[in-house]
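Following: one structure in structure tokens, then a few remarks.
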Amino acid sequence: MSKTSLKTPQAIRGTQDIFGPEAEAFAFVVETFERVRKLYRFRRVEMPVFEKTEVFSRAIGETTDVVSKEMYSFEDRGGDSLTLRPEFTAGIARAFLTNGWQQHAPLKVATHGPLFRYERPQKGRYRQFHQIDAEIIGAAEPQADVELLAMADQVIRELGIENVTLHLNTLGDADTRDAWRAALIEYFGAARGELSEDSQERLEKNPLRILDSKDPRDRKFVADAPKIDAFLSDDAQRFFDAVTSGLDAAGVKWTRAESLVRGLDYYRHTAFEFIPDEGSAAAGALGSQSTILGGGRYDGLMESLGGAPTPAVGWAAGIERLAMLVGERTPDRLDVAIAVEDDALLPASARIAPILRRAGFTVEVIATGSTRKRYDKASKLDPMYLASLQIRDGTPGYSHKSQLDDEANSKIDAVILENVQL
RNA sequence: GCGAUCGUAGCUCAGUUGGUUAGAGCGCCGGUUUGUGGUACCGGAGGUCGGGGGUUCGAGACCCCUCGAUCGCCCCA
């Protein structure tokens with residue numbers, strides 16, 4: 001190999017080139033999601049990867065970390081500020097309004113693809129990452145939440161992921177959320193000086209977040225902090241009760257997580273995350289980024305984009321994080337390997353392989369490098385049927401070793417026999 | 001944005017308290033068996049030891065800077 005002075009460009013930080021077992025696991029997650037989503041009749045949507053910046057800044061909230069410091073924003077040649085999508089929901093909401101999808105309401109949609117967030121990469125966290133996503137738009141009733149969650153639960157179960165549980169909470173309607181928030185500010189404000197630096201800042205920006213602080217200085221105050229339940233309006237309480245009893249009826253296991261709050265401004269009522277159980281293998285595999293699926297109800301979002309009030313619920317799950325939990329996915333075993341032990345038989349293999357592939361067999365042809373070693377190479381592929389094409393005493397022929405059934409064997413034999421000619 | 005750890009062949013790693021031409025396994029390429037053969041034997045290609053500066057008679061090893069990776073904080077899927 002000759003050397004050049006040209007340096008190979010490096011991949012962008014936080015992007016990944018997924019290959020091998022990880023790629024198999026990734027594909028398995030997507031395939032499973034696609035299959036389950038059809039069971040629930042969610043319709044597939046394809047969305048742009050970028051939007052006008054305001055789609056996200058208005059929908060997600062100016063003050064959130066996502067908008068204030070994690071977006072990949074740039075100006076296009078026309079001078080518009082555009083942003084690589086940091087999440088699906090805002091774009092889907094925009095599409096719903098832009099395309100008049102109200103006519104389809106209640107609309108169940110599902111999608112998957114890359115998202116972008118400018119963050120420090122670490123385990124289970126990338127700058128370009130991938131999610132599967134499901135939304136029900138235009139459905140105000142708690143049954144929608146239940147169906148959506150049942151689907152999430154089924155996806156996770158069909159992926160074979162164990163020891164992951166649904167953590168469920170309600171944030172109430174706008175009024176109860178505001179009242180609760182005010183109470184938390186008052187409560188934590190009184191102890192301000194004793195809180196961690198981070199939480200003192202959270203007091204201004206996002207007081208709800210103090211509740212799941214990991215800092216021991218905060219934790220001792222959290223237990224006695226005001227509970228959302230005390231502020232829940234009757235409607236909000238009824239709604240939550242309907243969701244929980246619906247989940248029970250559907251056989252979806254859940255646990256109440258009183259301090260579960262979601263970072264984005266648009267959440268109302270139901271909020272949830274699927275999290276590996278403490279100490280489980282799944283928790284170990286994920287490191288500190290343990291939420292694999294999260295979402296909730298976002299009744300106020302459409303209005304922030306200038307649409308009519310439209311209730312909606314949705315969730316998204318990190319494909320990389322799910323893929324870390326599905327274990328090794330071994331690709332199907334190779335059906336046929338053909339070792340071409342004489343270059344004069346290259347045309348023969350060129351005829352044989354396509355015929356077999358059209359017949360539905362997976363086929364690898366080994367026809368490069370030392371002829372003596374081709375058989376060994378083919379053998380290492382561990383095929384069900386191993387054919388060796390060779391010339392003996394001037395006559396072309398072949399031999400084979402097979403673990404396939406007789407029917408398949410005779411089919412393959414016939415094709416080879418007919419085509420091992422010079 | 002902050003912190004910790006790490007950076008030697010394509011891959012996984014060895015390289016003694018700094019001391020001559022930097023090693024192994026796997027993989028790759030070629031050869032050996034006049035043969036029906038997966039694991040055996042021989043040989044070969046491939047490294048400016050992430051990059052730059054410094055200390056030293058001498059640096060892959062020590063110091064500084066820089067780039068990158070990994071893990072954690074923040075936040076999130």
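Simple scheme: letters A, B, ... for chains in structure tokens order, numbers from 1 for residues in each chain, numbers from 1 for ligands in the order shown.
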
DSSP alpha helix (DSSP H) residues within range 11-135 of chain A, as number ranges by chain: A: 21-39, 53-60, 65-69, 89-98

Output C-alpha atoms of each residue in that selection to a file, as a tab-separated table (two decimals), in the first residue's frame.
chain	number	residue	atom	x	y	z
A	21	PRO	CA	-23.29	-6.91	15.59
A	22	GLU	CA	-24.31	-3.38	16.55
A	23	ALA	CA	-25.73	-2.80	13.10
A	24	GLU	CA	-27.65	-6.07	13.30
A	25	ALA	CA	-29.09	-5.07	16.66
A	26	PHE	CA	-29.97	-1.63	15.31
A	27	ALA	CA	-31.82	-3.16	12.36
A	28	PHE	CA	-33.61	-5.59	14.66
A	29	VAL	CA	-34.92	-2.70	16.76
A	30	VAL	CA	-36.24	-0.89	13.71
A	31	GLU	CA	-37.78	-4.03	12.19
A	32	THR	CA	-39.51	-4.89	15.43
A	33	PHE	CA	-40.84	-1.38	15.80
A	34	GLU	CA	-42.17	-1.42	12.25
A	35	ARG	CA	-43.92	-4.71	12.84
A	36	VAL	CA	-45.53	-3.69	16.14
A	37	ARG	CA	-46.54	-0.28	14.89
A	38	LYS	CA	-48.59	-1.95	12.17
A	39	LEU	CA	-50.33	-4.08	14.78
A	53	THR	CA	-35.35	27.03	13.83
A	54	GLU	CA	-38.52	28.54	15.26
A	55	VAL	CA	-40.34	25.22	14.89
A	56	PHE	CA	-38.18	23.89	17.70
A	57	SER	CA	-37.55	27.02	19.70
A	58	ARG	CA	-41.28	27.76	19.98
A	59	ALA	CA	-42.45	24.19	20.48
A	60	ILE	CA	-39.81	22.96	22.88
A	65	ASP	CA	-31.27	23.06	27.40
A	66	VAL	CA	-32.18	21.50	24.08
A	67	VAL	CA	-33.01	24.85	22.52
A	68	SER	CA	-30.61	27.10	24.38
A	69	LYS	CA	-27.45	25.11	23.88
A	89	THR	CA	-42.49	15.83	17.99
A	90	ALA	CA	-42.15	19.48	17.02
A	91	GLY	CA	-41.66	18.65	13.35
A	92	ILE	CA	-44.61	16.30	13.33
A	93	ALA	CA	-46.76	18.94	14.96
A	94	ARG	CA	-45.68	21.42	12.31
A	95	ALA	CA	-46.50	18.92	9.56
A	96	PHE	CA	-49.88	18.25	11.12
A	97	LEU	CA	-50.74	21.94	10.90
A	98	THR	CA	-49.06	22.65	7.57

Residue list for chain A near chain B as a list in words, 6 Å, only C-alpha atoms (C1' of nucleotides):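 Contact residues on the first chain: Ile292, Leu293, Ala317, Gly318, Asp376, Ser379 and Lys380 of chain A.
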
Strand (DSSP E or B) positions in range 73-134 of chain A, given as a VMD selection string: chain A and resid 73 to 75 81 to 84 107 to 116 122 125 128 to 134

Residue contacts of Gln122 in chain A (10 Å, only C-alpha atoms (C1' of nucleotides)) excluding same-chain residues fewer than 3 positions away, as an NGL selection string: (:A and (14 or 119 or 125-127 or 287-289)) or (:B and (70-72))

Keeping only N, CA and C atoms (P, O5', C5', C4', C3', O3' and C1' of nucleotides), write the selected residues as a short mmCIF file (atom, residue, chain, number, x, y, z; two decimals), in the first residue's frame.
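Wrote selection-v2.cif, looks like this:
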data_model
loop_
_atom_site.label_atom_id
_atom_site.label_comp_id
_atom_site.auth_asym_id
_atom_site.auth_seq_id
_atom_site.Cartn_x
_atom_site.Cartn_y
_atom_site.Cartn_z
N GLY A 14 -19.12 12.45 18.05
CA GLY A 14 -20.49 12.11 18.43
C GLY A 14 -21.30 11.43 17.33
N GLU A 119 -24.10 17.80 22.20
CA GLU A 119 -23.81 17.49 23.59
C GLU A 119 -22.50 16.75 23.66
N ARG A 125 -25.14 8.09 24.38
CA ARG A 125 -25.46 9.46 24.04
C ARG A 125 -24.56 9.95 22.92
N TYR A 126 -25.18 10.37 21.82
CA TYR A 126 -24.42 10.76 20.65
C TYR A 126 -24.94 12.07 20.10
N ARG A 127 -24.15 12.71 19.25
CA ARG A 127 -24.61 13.96 18.66
C ARG A 127 -25.57 13.68 17.51
N GLY A 287 -25.20 2.18 31.48
CA GLY A 287 -24.45 3.24 32.11
C GLY A 287 -25.40 4.27 32.71
N SER A 288 -24.99 5.51 32.70
CA SER A 288 -25.80 6.49 33.41
C SER A 288 -26.95 7.04 32.57
N GLN A 289 -26.93 6.77 31.25
CA GLN A 289 -28.04 7.23 30.41
C GLN A 289 -29.08 6.12 30.38
P U B 70 -16.22 7.74 21.90
"O5'" U B 70 -15.90 7.12 23.33
"C5'" U B 70 -15.57 5.75 23.45
"C4'" U B 70 -15.12 5.45 24.85
"C3'" U B 70 -16.11 5.84 25.94
"O3'" U B 70 -17.09 4.85 26.14
"C1'" U B 70 -13.95 6.61 26.52
P C B 71 -18.58 5.27 26.50
"O5'" C B 71 -18.46 5.72 28.03
"C5'" C B 71 -18.26 4.76 29.05
"C4'" C B 71 -17.85 5.42 30.33
"C3'" C B 71 -18.82 6.44 30.92
"O3'" C B 71 -19.90 5.83 31.60
"C1'" C B 71 -16.64 7.29 31.05
P G B 72 -21.29 6.60 31.70
"O5'" G B 72 -20.97 7.81 32.69
"C5'" G B 72 -20.88 7.59 34.09
"C4'" G B 72 -20.37 8.83 34.79
"C3'" G B 72 -21.26 10.07 34.81
"O3'" G B 72 -22.32 9.96 35.73
"C1'" G B 72 -19.03 10.72 34.43
#

Distance query range 383-394 of chain A at most 6 Å, only C-alpha atoms (C1' of nucleotides), self and fewer than 6 positions along chain excluded, as a ChimeraX atom specification: /A:334-342,400-403

Kindly save the residues from that selection, with N, CA and C atoms included, as a PDB file, in the first residue's frame.
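Output below, filename out_15.pdb:
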ATOM      1  N   LEU A 334     -25.205 -18.722   6.306  1.00  0.00           N
ATOM      2  CA  LEU A 334     -25.054 -18.750   4.854  1.00  0.00           C
ATOM      3  C   LEU A 334     -25.557 -20.084   4.292  1.00  0.00           C
ATOM      4  N   ASP A 335     -26.326 -20.034   3.202  1.00  0.00           N
ATOM      5  CA  ASP A 335     -26.796 -21.262   2.568  1.00  0.00           C
ATOM      6  C   ASP A 335     -25.686 -21.940   1.769  1.00  0.00           C
ATOM      7  N   VAL A 336     -25.140 -21.182   0.816  1.00  0.00           N
ATOM      8  CA  VAL A 336     -24.207 -21.806  -0.122  1.00  0.00           C
ATOM      9  C   VAL A 336     -22.907 -21.021  -0.253  1.00  0.00           C
ATOM     10  N   ALA A 337     -21.773 -21.696  -0.115  1.00  0.00           N
ATOM     11  CA  ALA A 337     -20.475 -21.096  -0.419  1.00  0.00           C
ATOM     12  C   ALA A 337     -19.892 -21.866  -1.588  1.00  0.00           C
ATOM     13  N   ILE A 338     -19.401 -21.130  -2.578  1.00  0.00           N
ATOM     14  CA  ILE A 338     -18.816 -21.780  -3.748  1.00  0.00           C
ATOM     15  C   ILE A 338     -17.332 -21.436  -3.809  1.00  0.00           C
ATOM     16  N   ALA A 339     -16.473 -22.425  -3.645  1.00  0.00           N
ATOM     17  CA  ALA A 339     -15.036 -22.211  -3.758  1.00  0.00           C
ATOM     18  C   ALA A 339     -14.629 -22.525  -5.194  1.00  0.00           C
ATOM     19  N   VAL A 340     -14.149 -21.516  -5.901  1.00  0.00           N
ATOM     20  CA  VAL A 340     -13.734 -21.717  -7.289  1.00  0.00           C
ATOM     21  C   VAL A 340     -12.251 -22.042  -7.275  1.00  0.00           C
ATOM     22  N   GLU A 341     -11.926 -23.321  -7.395  1.00  0.00           N
ATOM     23  CA  GLU A 341     -10.540 -23.728  -7.202  1.00  0.00           C
ATOM     24  C   GLU A 341      -9.718 -23.743  -8.484  1.00  0.00           C
ATOM     25  N   ASP A 342     -10.305 -23.213  -9.520  1.00  0.00           N
ATOM     26  CA  ASP A 342      -9.563 -23.056 -10.773  1.00  0.00           C
ATOM     27  C   ASP A 342     -10.156 -21.856 -11.504  1.00  0.00           C
ATOM     28  N   HIS A 400     -19.213 -31.531  -3.046  1.00  0.00           N
ATOM     29  CA  HIS A 400     -19.894 -30.698  -2.068  1.00  0.00           C
ATOM     30  C   HIS A 400     -20.057 -31.400  -0.723  1.00  0.00           C
ATOM     31  N   LYS A 401     -20.264 -30.568   0.279  1.00  0.00           N
ATOM     32  CA  LYS A 401     -20.578 -31.043   1.621  1.00  0.00           C
ATOM     33  C   LYS A 401     -21.820 -30.281   2.022  1.00  0.00           C
ATOM     34  N   SER A 402     -22.818 -30.959   2.552  1.00  0.00           N
ATOM     35  CA  SER A 402     -24.059 -30.229   2.810  1.00  0.00           C
ATOM     36  C   SER A 402     -24.765 -30.669   4.080  1.00  0.00           C
ATOM     37  N   GLN A 403     -25.438 -29.706   4.683  1.00  0.00           N
ATOM     38  CA  GLN A 403     -26.298 -30.010   5.826  1.00  0.00           C
ATOM     39  C   GLN A 403     -27.747 -29.652   5.513  1.00  0.00           C
TER      40      GLN A 403
END

I'd like the contact shell of Pro309 in chain A - 9 Å cut-off, only C-alpha atoms (C1' of nucleotides), skipping same-chain residues fewer than 6 positions apart - returned as a tab-separated table (two decimals) with C-alpha atoms, in the first residue's frame.
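Done, and the output landed in around-v3.tsv:
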chain	number	residue	atom	x	y	z
A	299	ASP	CA	-51.80	19.26	24.82
A	300	GLY	CA	-50.37	22.77	24.54
A	301	LEU	CA	-47.89	22.23	21.74
A	302	MET	CA	-50.04	22.97	18.70
A	303	GLU	CA	-50.97	26.38	20.03

Nearest to Asn409 in chain A, chosen from A:Trp180, A:Tyr187, A:Phe361, A:Phe231, with only C-alpha atoms counted in the distances: A:Phe361

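Residues within 12 Å of Glu418 in chain A, counting only C-alpha atoms (C1' of nucleotides) and excluding same-chain residues fewer than 2 positions away, are Ala348, Ser349, Arg351, Ile352, Ile355, Pro396, Gly397, Tyr398, Ser410, Lys411, Ile412, Asp413, Ala414, Val415, Ile416, Val420, Gln421 and Leu422 of chain A.
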
Could you turn the residues from that selection into a file that holds N, CA, C and O atoms, as a PDB file, in the first residue's frame?
ATOM      1  N   ALA A 348     -18.213 -20.179 -14.895  1.00  0.00           N
ATOM      2  CA  ALA A 348     -19.219 -21.125 -14.397  1.00  0.00           C
ATOM      3  C   ALA A 348     -19.828 -20.616 -13.100  1.00  0.00           C
ATOM      4  O   ALA A 348     -21.046 -20.598 -12.926  1.00  0.00           O
ATOM      5  N   SER A 349     -18.971 -20.147 -12.178  1.00  0.00           N
ATOM      6  CA  SER A 349     -19.500 -19.641 -10.906  1.00  0.00           C
ATOM      7  C   SER A 349     -20.344 -18.398 -11.144  1.00  0.00           C
ATOM      8  O   SER A 349     -21.314 -18.151 -10.433  1.00  0.00           O
ATOM      9  N   ARG A 351     -22.267 -17.957 -13.543  1.00  0.00           N
ATOM     10  CA  ARG A 351     -23.597 -18.390 -13.990  1.00  0.00           C
ATOM     11  C   ARG A 351     -24.386 -18.984 -12.822  1.00  0.00           C
ATOM     12  O   ARG A 351     -25.575 -18.714 -12.646  1.00  0.00           O
ATOM     13  N   ILE A 352     -23.684 -19.770 -12.031  1.00  0.00           N
ATOM     14  CA  ILE A 352     -24.357 -20.522 -10.965  1.00  0.00           C
ATOM     15  C   ILE A 352     -24.924 -19.623  -9.848  1.00  0.00           C
ATOM     16  O   ILE A 352     -26.096 -19.751  -9.457  1.00  0.00           O
ATOM     17  N   ILE A 355     -28.268 -17.787 -10.348  1.00  0.00           N
ATOM     18  CA  ILE A 355     -29.412 -18.707 -10.441  1.00  0.00           C
ATOM     19  C   ILE A 355     -29.852 -19.124  -9.046  1.00  0.00           C
ATOM     20  O   ILE A 355     -31.046 -19.117  -8.709  1.00  0.00           O
ATOM     21  N   PRO A 396     -14.032 -30.381 -16.013  1.00  0.00           N
ATOM     22  CA  PRO A 396     -14.591 -29.595 -14.914  1.00  0.00           C
ATOM     23  C   PRO A 396     -15.574 -30.441 -14.104  1.00  0.00           C
ATOM     24  O   PRO A 396     -16.268 -31.287 -14.656  1.00  0.00           O
ATOM     25  N   GLY A 397     -15.587 -30.194 -12.804  1.00  0.00           N
ATOM     26  CA  GLY A 397     -16.520 -30.925 -11.951  1.00  0.00           C
ATOM     27  C   GLY A 397     -16.625 -30.234 -10.611  1.00  0.00           C
ATOM     28  O   GLY A 397     -16.103 -29.135 -10.419  1.00  0.00           O
ATOM     29  N   TYR A 398     -17.325 -30.872  -9.690  1.00  0.00           N
ATOM     30  CA  TYR A 398     -17.445 -30.247  -8.378  1.00  0.00           C
ATOM     31  C   TYR A 398     -17.692 -31.320  -7.328  1.00  0.00           C
ATOM     32  O   TYR A 398     -18.069 -32.455  -7.625  1.00  0.00           O
ATOM     33  N   SER A 410     -30.749 -31.383  -3.966  1.00  0.00           N
ATOM     34  CA  SER A 410     -30.873 -31.771  -5.371  1.00  0.00           C
ATOM     35  C   SER A 410     -31.115 -30.552  -6.255  1.00  0.00           C
ATOM     36  O   SER A 410     -30.676 -30.506  -7.399  1.00  0.00           O
ATOM     37  N   LYS A 411     -31.784 -29.550  -5.687  1.00  0.00           N
ATOM     38  CA  LYS A 411     -32.004 -28.314  -6.444  1.00  0.00           C
ATOM     39  C   LYS A 411     -30.653 -27.668  -6.768  1.00  0.00           C
ATOM     40  O   LYS A 411     -30.363 -27.300  -7.907  1.00  0.00           O
ATOM     41  N   ILE A 412     -29.825 -27.543  -5.751  1.00  0.00           N
ATOM     42  CA  ILE A 412     -28.525 -26.893  -5.933  1.00  0.00           C
ATOM     43  C   ILE A 412     -27.622 -27.745  -6.823  1.00  0.00           C
ATOM     44  O   ILE A 412     -26.965 -27.244  -7.739  1.00  0.00           O
ATOM     45  N   ASP A 413     -27.616 -29.044  -6.559  1.00  0.00           N
ATOM     46  CA  ASP A 413     -26.796 -29.942  -7.369  1.00  0.00           C
ATOM     47  C   ASP A 413     -27.118 -29.799  -8.855  1.00  0.00           C
ATOM     48  O   ASP A 413     -26.223 -29.737  -9.693  1.00  0.00           O
ATOM     49  N   ALA A 414     -28.418 -29.751  -9.135  1.00  0.00           N
ATOM     50  CA  ALA A 414     -28.842 -29.664 -10.535  1.00  0.00           C
ATOM     51  C   ALA A 414     -28.306 -28.404 -11.195  1.00  0.00           C
ATOM     52  O   ALA A 414     -27.799 -28.438 -12.317  1.00  0.00           O
ATOM     53  N   VAL A 415     -28.402 -27.285 -10.472  1.00  0.00           N
ATOM     54  CA  VAL A 415     -27.924 -26.015 -11.023  1.00  0.00           C
ATOM     55  C   VAL A 415     -26.424 -26.065 -11.275  1.00  0.00           C
ATOM     56  O   VAL A 415     -25.933 -25.660 -12.339  1.00  0.00           O
ATOM     57  N   ILE A 416     -25.694 -26.590 -10.318  1.00  0.00           N
ATOM     58  CA  ILE A 416     -24.240 -26.626 -10.481  1.00  0.00           C
ATOM     59  C   ILE A 416     -23.838 -27.575 -11.611  1.00  0.00           C
ATOM     60  O   ILE A 416     -23.047 -27.228 -12.486  1.00  0.00           O
ATOM     61  N   VAL A 420     -21.337 -26.270 -14.534  1.00  0.00           N
ATOM     62  CA  VAL A 420     -19.869 -26.381 -14.384  1.00  0.00           C
ATOM     63  C   VAL A 420     -19.254 -26.784 -15.702  1.00  0.00           C
ATOM     64  O   VAL A 420     -18.656 -27.847 -15.799  1.00  0.00           O
ATOM     65  N   GLN A 421     -19.405 -25.947 -16.679  1.00  0.00           N
ATOM     66  CA  GLN A 421     -18.790 -26.215 -17.976  1.00  0.00           C
ATOM     67  C   GLN A 421     -17.767 -25.134 -18.256  1.00  0.00           C
ATOM     68  O   GLN A 421     -17.847 -24.043 -17.716  1.00  0.00           O
ATOM     69  N   LEU A 422     -16.838 -25.484 -19.107  1.00  0.00           N
ATOM     70  CA  LEU A 422     -15.828 -24.488 -19.453  1.00  0.00           C
ATOM     71  C   LEU A 422     -16.330 -23.559 -20.543  1.00  0.00           C
ATOM     72  O   LEU A 422     -17.245 -23.906 -21.285  1.00  0.00           O
TER      73      LEU A 422
END
